[in-house]
Amino acid sequence: MNKLLGENVIVGSCSASFPLVTSDKSNSTYCINKEKLSGVDQTLYTNAKFIRYKVSEPEVKLVKQICSTLAEKIQFIDIEHTHSHSFGHLILPLQGTLRLKSGQRSLILDYHHVLFLPSGCEHSYYSKDRNEFLVFYIPYTLLSHNCTDDEVKYLEFDDRWRALRFLMLNECEAEKTSTTAMNQLLYYSFQLIQQNQEYPSIRYLHNHYHTSISLQTLAALEHYHAGYYSQWFQKKMGVSVQTYLQNLRLLEAKRLLRETNYSMLAIAQQVGYEHQASLTRLFKQWEGITPHAYRNDSINK
């Protein structure tokens, strides 16, 4: 299945992506050679062949420029391949797994996740099992108006994405694709991508700040190496992991001091410290006073 989704729709029986197009002037047929793809290596596909479409000159120019969204089902093979491209990828799971690495992140794309790759993102990928994915090639002009973040998005494949995939497949497999309908579905996918900005490691910090947390645990949640995770966190949150964790513990300790009669040791242990002295140091560092003084000030207000 292959469809160029735009003002002109090209339908074929096999996958073709970012193809070179040559003309046969005798019958006005244009030949897409998958063995000579421009910018995309043919090892992406399980079979490469010539595919002929009856198209017009404007449509050929459209294919060459990739200025409209291209959607197809792809089966990846057990050969690692690395590339980058000027368009974005939205990859929805249908079957099997895809192993992908981008920068410091190592990801496994399966039935539980959806992946967005921004334009210009170099990535390596391969698959070791039987697989199939619905892949959208999204031109930069569309991305620039809808996805301003240039980071790889590895999102949970929840009920919203399942419903969206169902509608996208229906449009792609329809005898006549509705450009308006597909664009609306893509815009909705961009909204889902933007809404899912909460990072797993940040959520983990908020849920487990009262426990002992290792940098390795947080890095694994984002599929980063531990050595790079600290840099990534600083860039995203504007503070270090340690400072962020201290602030979470401080906020909860303040609440307990205001709203309960718990002892200082009990409060210290509830926010993740073994000894009361650690809580005292935290308050002196950030508030300039002891926890006891903070409680007294809260009572007097």
# chains A, B, ... in the order shown; residues from 1 in each chain; ligands from 1

$ select_by_dssp --residues "segment 92-229 of chain A" --states "alpha helix (DSSP H)" --output "PyMOL selection string"
chain A and resi 140-146+159-173+179-195+200-208+215-221+226-229

$ closest_atom_pairs --of "segment 133-207 of chain A" --to "segment 263-275 of chain A" --cutoff "12 Å" --atoms "only C-alpha atoms" --output "Markdown table"
| residue | atom | partner | partner_atom | distance |
| --- | --- | --- | --- | --- |
| A:Leu205 | CA | A:Gly272 | CA | 11.6 |
| A:His206 | CA | A:Val271 | CA | 11.2 |
| A:Asn207 | CA | A:Val271 | CA | 11.1 |

$ write_last_selection --atoms "C-alpha atoms" --output "PDB file, in the first residue's frame"
ATOM      1  CA  LEU A 205      10.513  11.568  40.471  1.00  0.00           C
ATOM      2  CA  HIS A 206       7.143  12.991  41.481  1.00  0.00           C
ATOM      3  CA  ASN A 207       5.832   9.554  42.476  1.00  0.00           C
TER       4      ASN A 207
END

$ closest_residue --among "A:Val152, A:Leu107, A:Leu169, A:Ile202" --to "Phe233 of chain A" --atoms "only C-alpha atoms"
A:Ile202

$ residues_around --residues "Leu98 of chain A" --least-positions-apart "3" --cutoff "6 Å" --atoms "only C-alpha atoms" --output "number ranges by chain"
A: 108-109, 127

$ closest_residue --among "A:Gly96, A:Pro291, A:Gly238, A:Gly227" --to "Ala253 of chain A" --atoms "only C-alpha atoms"
A:Pro291

$ closest_residue --among "A:Ile74, A:Leu215, A:Leu167, A:Arg160" --to "Gln191 of chain A" --atoms "only C-alpha atoms"
A:Arg160

$ closest_residue --among "A:Ser124, A:Thr211, A:Asn247, A:Thr290" --to "Phe76 of chain A" --atoms "only C-alpha atoms"
A:Ser124

$ atom_distance --atom1 "atom CA of Ser298 of chain A" --atom2 "atom CA of Tyr244 of chain A"
23.8 Å

$ closest_residue --among "A:His292, A:Arg162, A:Lys236, A:His225" --to "Glu198 of chain A" --atoms "only C-alpha atoms"
A:Lys236

$ closest_residue --among "A:Cys172, A:Leu192, A:Glu222, A:Leu250" --to "Tyr209 of chain A" --atoms "only C-alpha atoms"
A:Leu250

$ atom_distance --atom1 "atom CA of Ala174 of chain A" --atom2 "atom CA of His89 of chain A"
21.8 Å

$ select_by_dssp --residues "segment 80-274 of chain A" --states "strand (DSSP E)" --output "ChimeraX atom specification"
/A:81-83,88-95,98-102,105-109,113-117,123-126,132-138,153-156

$ write_last_selection --atoms "C-alpha atoms" --output "short mmCIF file (atom, residue, chain, number, x, y, z; two decimals), in the first residue's frame"
data_model
loop_
_atom_site.label_atom_id
_atom_site.label_comp_id
_atom_site.auth_asym_id
_atom_site.auth_seq_id
_atom_site.Cartn_x
_atom_site.Cartn_y
_atom_site.Cartn_z
CA HIS A 81 20.76 0.97 8.77
CA THR A 82 21.54 4.59 9.65
CA HIS A 83 20.25 7.71 7.95
CA GLY A 88 9.56 13.78 9.75
CA HIS A 89 8.40 10.26 10.54
CA LEU A 90 5.30 9.22 12.45
CA ILE A 91 5.48 5.45 13.02
CA LEU A 92 2.48 3.50 14.30
CA PRO A 93 2.77 -0.20 15.24
CA LEU A 94 0.85 -2.91 13.44
CA GLN A 95 2.91 -6.02 14.24
CA LEU A 98 11.51 -2.22 15.69
CA ARG A 99 14.81 -1.43 17.40
CA LEU A 100 15.93 2.14 16.95
CA LYS A 101 18.76 4.31 18.24
CA SER A 102 18.89 8.09 17.98
CA ARG A 105 18.58 6.96 23.14
CA SER A 106 18.01 3.27 22.46
CA LEU A 107 14.33 2.45 21.85
CA ILE A 108 12.19 -0.59 21.16
CA LEU A 109 9.09 0.31 19.21
CA HIS A 113 4.38 2.66 21.74
CA VAL A 114 4.21 5.19 18.92
CA LEU A 115 7.26 7.04 17.64
CA PHE A 116 7.74 10.49 16.17
CA LEU A 117 11.08 11.35 14.51
CA HIS A 123 18.78 7.32 13.55
CA SER A 124 19.69 3.64 13.22
CA TYR A 125 17.12 0.88 13.02
CA TYR A 126 16.56 -2.82 12.41
CA GLU A 132 4.80 -4.23 10.02
CA PHE A 133 4.40 -0.54 10.77
CA LEU A 134 2.28 2.26 9.39
CA VAL A 135 4.73 5.03 8.52
CA PHE A 136 3.98 8.63 7.59
CA TYR A 137 6.58 10.77 5.85
CA ILE A 138 5.69 14.32 6.89
CA LYS A 153 8.91 11.44 20.89
CA TYR A 154 8.44 7.93 22.29
CA LEU A 155 4.82 7.84 23.44
CA GLU A 156 2.43 5.36 24.96
#
